[in-house]
Amino acid sequence: QVQLVESGGGLVQAGASLTLSCAASVRTFRIYAMGWFRQAPGKEREFVAAITWNPNNTNYEDSVKGRFTISRDRAKNTLYLQMNRLKHEDTGVYYCAASGKDGSSWSELKDQAQYDAWGQGTKGTVSS
């Protein structure tokens with residue numbers, strides 16, 4: 001149906017920036033929304049940001065508001081996460097996910113169960 005491949009992770013110092021990408025290979029699947037989640041060492045995977053495919057609406061977890069920007073290129077079926085002013089606590093494996101469910105609320109899009117496909121993850125490490 002859909003395959004997701006993340007890229008762009010790496011090791012940076014606190015205050016630096018990283019841009020993550022997620023390329024979606026779509027066959028018999030319609031994307032209604034996509035999201036970024038992250039899993040810090042020893043912690044559960046948590047919501048970071050989500051975007052609806054059409055129209056282009058976004059939602060963020062409170063700790064990343066004003067620092068992270070989620071965007072998508074519909075023509076390329078690619079999702080992005082621009083991360084600025086990175087903090088040590090932003091360290092983790094970042095996963096993109098795609099939802100084929102139409103009309104999801106923001107509270108639903110913060111729930112991992114709302115997503116139908118996941119990438120393998122890309123690791124971002126922020127040194128303090």
# chains A, B, ... in the order shown; residues from 1 in each chain; ligands from 1

$ select_by_dssp --residues "chain A" --states "strand (DSSP E)" --output "count of residues only"
65

$ residues_around --residues "Met83 (chain A)" --least-positions-apart "2" --cutoff "10 Å" --atoms "only C-alpha atoms" --output "PyMOL selection string"
chain A and resi 15-20+64+66-70+80-81+85-87+90

$ write_last_selection --atoms "N, CA and C atoms" --output "tab-separated table (two decimals), in the first residue's frame"
chain	number	residue	atom	x	y	z
A	15	GLY	N	21.21	23.80	19.87
A	15	GLY	CA	21.06	25.07	19.19
A	15	GLY	C	21.12	24.97	17.68
A	16	ALA	N	21.58	23.84	17.18
A	16	ALA	CA	21.70	23.64	15.74
A	16	ALA	C	20.36	23.20	15.13
A	17	SER	N	20.39	22.94	13.83
A	17	SER	CA	19.19	22.56	13.11
A	17	SER	C	19.39	21.23	12.38
A	18	LEU	N	18.30	20.56	12.15
A	18	LEU	CA	18.26	19.35	11.33
A	18	LEU	C	16.97	19.35	10.54
A	19	THR	N	17.04	18.80	9.33
A	19	THR	CA	15.82	18.63	8.54
A	19	THR	C	15.65	17.15	8.22
A	20	LEU	N	14.53	16.62	8.62
A	20	LEU	CA	14.21	15.23	8.34
A	20	LEU	C	13.28	15.16	7.13
A	64	VAL	N	7.71	21.50	21.08
A	64	VAL	CA	8.40	21.80	19.82
A	64	VAL	C	7.78	22.99	19.09
A	66	GLY	N	7.08	26.45	17.70
A	66	GLY	CA	7.97	27.58	17.51
A	66	GLY	C	9.38	27.18	17.12
A	67	ARG	N	9.71	25.90	17.25
A	67	ARG	CA	11.05	25.43	16.89
A	67	ARG	C	11.01	24.47	15.70
A	68	PHE	N	9.98	23.66	15.62
A	68	PHE	CA	9.85	22.67	14.55
A	68	PHE	C	8.77	23.09	13.56
A	69	THR	N	8.98	22.74	12.30
A	69	THR	CA	7.98	23.00	11.27
A	69	THR	C	7.77	21.74	10.45
A	70	ILE	N	6.54	21.29	10.39
A	70	ILE	CA	6.20	20.14	9.56
A	70	ILE	C	5.63	20.66	8.24
A	80	TYR	N	8.31	16.53	5.52
A	80	TYR	CA	9.52	17.12	6.09
A	80	TYR	C	9.29	17.52	7.54
A	81	LEU	N	10.38	17.58	8.28
A	81	LEU	CA	10.35	18.15	9.62
A	81	LEU	C	11.61	19.00	9.78
A	85	ARG	N	16.82	25.21	16.65
A	85	ARG	CA	17.11	25.42	18.08
A	85	ARG	C	16.96	24.12	18.86
A	86	LEU	N	17.63	23.11	18.37
A	86	LEU	CA	17.51	21.78	18.96
A	86	LEU	C	18.05	21.74	20.38
A	87	LYS	N	17.41	20.93	21.19
A	87	LYS	CA	17.79	20.74	22.58
A	87	LYS	C	18.19	19.28	22.79
A	90	ASP	N	15.59	16.69	22.60
A	90	ASP	CA	15.02	16.33	21.30
A	90	ASP	C	15.66	15.06	20.74

$ closest_atom_pairs --of "region 54-109 of chain A" --to "region 22-39 of chain A" --cutoff "7 Å" --atoms "only C-alpha atoms" --output "Markdown table"
| residue | atom | partner | partner_atom | distance |
| --- | --- | --- | --- | --- |
| A:Asn77 | CA | A:Ala24 | CA | 5.4 |
| A:Thr78 | CA | A:Ala23 | CA | 4.6 |
| A:Leu79 | CA | A:Cys22 | CA | 4.9 |
| A:Tyr80 | CA | A:Cys22 | CA | 6.3 |
| A:Gly92 | CA | A:Gln39 | CA | 5.1 |
| A:Val93 | CA | A:Gln39 | CA | 5.2 |
| A:Tyr94 | CA | A:Arg38 | CA | 4.3 |
| A:Tyr95 | CA | A:Phe37 | CA | 5.2 |
| A:Cys96 | CA | A:Trp36 | CA | 4.5 |
| A:Ala97 | CA | A:Gly35 | CA | 5.2 |
| A:Ala98 | CA | A:Met34 | CA | 4.4 |
| A:Ser99 | CA | A:Ala33 | CA | 5.2 |
| A:Gly100 | CA | A:Ile31 | CA | 5.0 |
| A:Lys101 | CA | A:Tyr32 | CA | 6.2 |
| A:Asp102 | CA | A:Tyr32 | CA | 5.7 |

$ select_by_dssp --residues "region 18-115 of chain A" --states "alpha helix (DSSP H)" --output "number ranges by chain"
A: 106-109

$ write_last_selection --atoms "C-alpha atoms" --output "short mmCIF file (atom, residue, chain, number, x, y, z; two decimals), in the first residue's frame"
data_model
loop_
_atom_site.label_atom_id
_atom_site.label_comp_id
_atom_site.auth_asym_id
_atom_site.auth_seq_id
_atom_site.Cartn_x
_atom_site.Cartn_y
_atom_site.Cartn_z
CA TRP A 106 -6.09 16.52 15.97
CA SER A 107 -6.52 14.46 19.13
CA GLU A 108 -6.80 11.35 16.95
CA LEU A 109 -3.72 12.29 14.93
#

$ atom_distance --atom1 "CA of His88 (chain A)" --atom2 "CA of Gln112 (chain A)"
23.8 Å

$ closest_residue --among "A:Ser104, A:Thr91, A:Gln3, A:Thr122" --to "Trp53 (chain A)" --atoms "only C-alpha atoms"
A:Ser104

$ residues_around --residues "Ser127 (chain A)" --least-positions-apart "3" --cutoff "7 Å" --atoms "only C-alpha atoms" --output "ChimeraX atom specification"
/A:12-14,88

$ atom_distance --atom1 "CA of Tyr60 (chain A)" --atom2 "CA of Phe47 (chain A)"
8.1 Å

$ closest_residue --among "A:Gly124, A:Glu44, A:Asp116, A:Asp73" --to "Val2 (chain A)" --atoms "only C-alpha atoms"
A:Asp116

$ closest_residue --among "A:Leu4, A:Ala49, A:Asp62, A:Asn56" --to "Lys110 (chain A)" --atoms "only C-alpha atoms"
A:Ala49

$ closest_residue --among "A:Ala40, A:Lys76, A:Glu89, A:Ala50" --to "Tyr115 (chain A)" --atoms "only C-alpha atoms"
A:Ala50
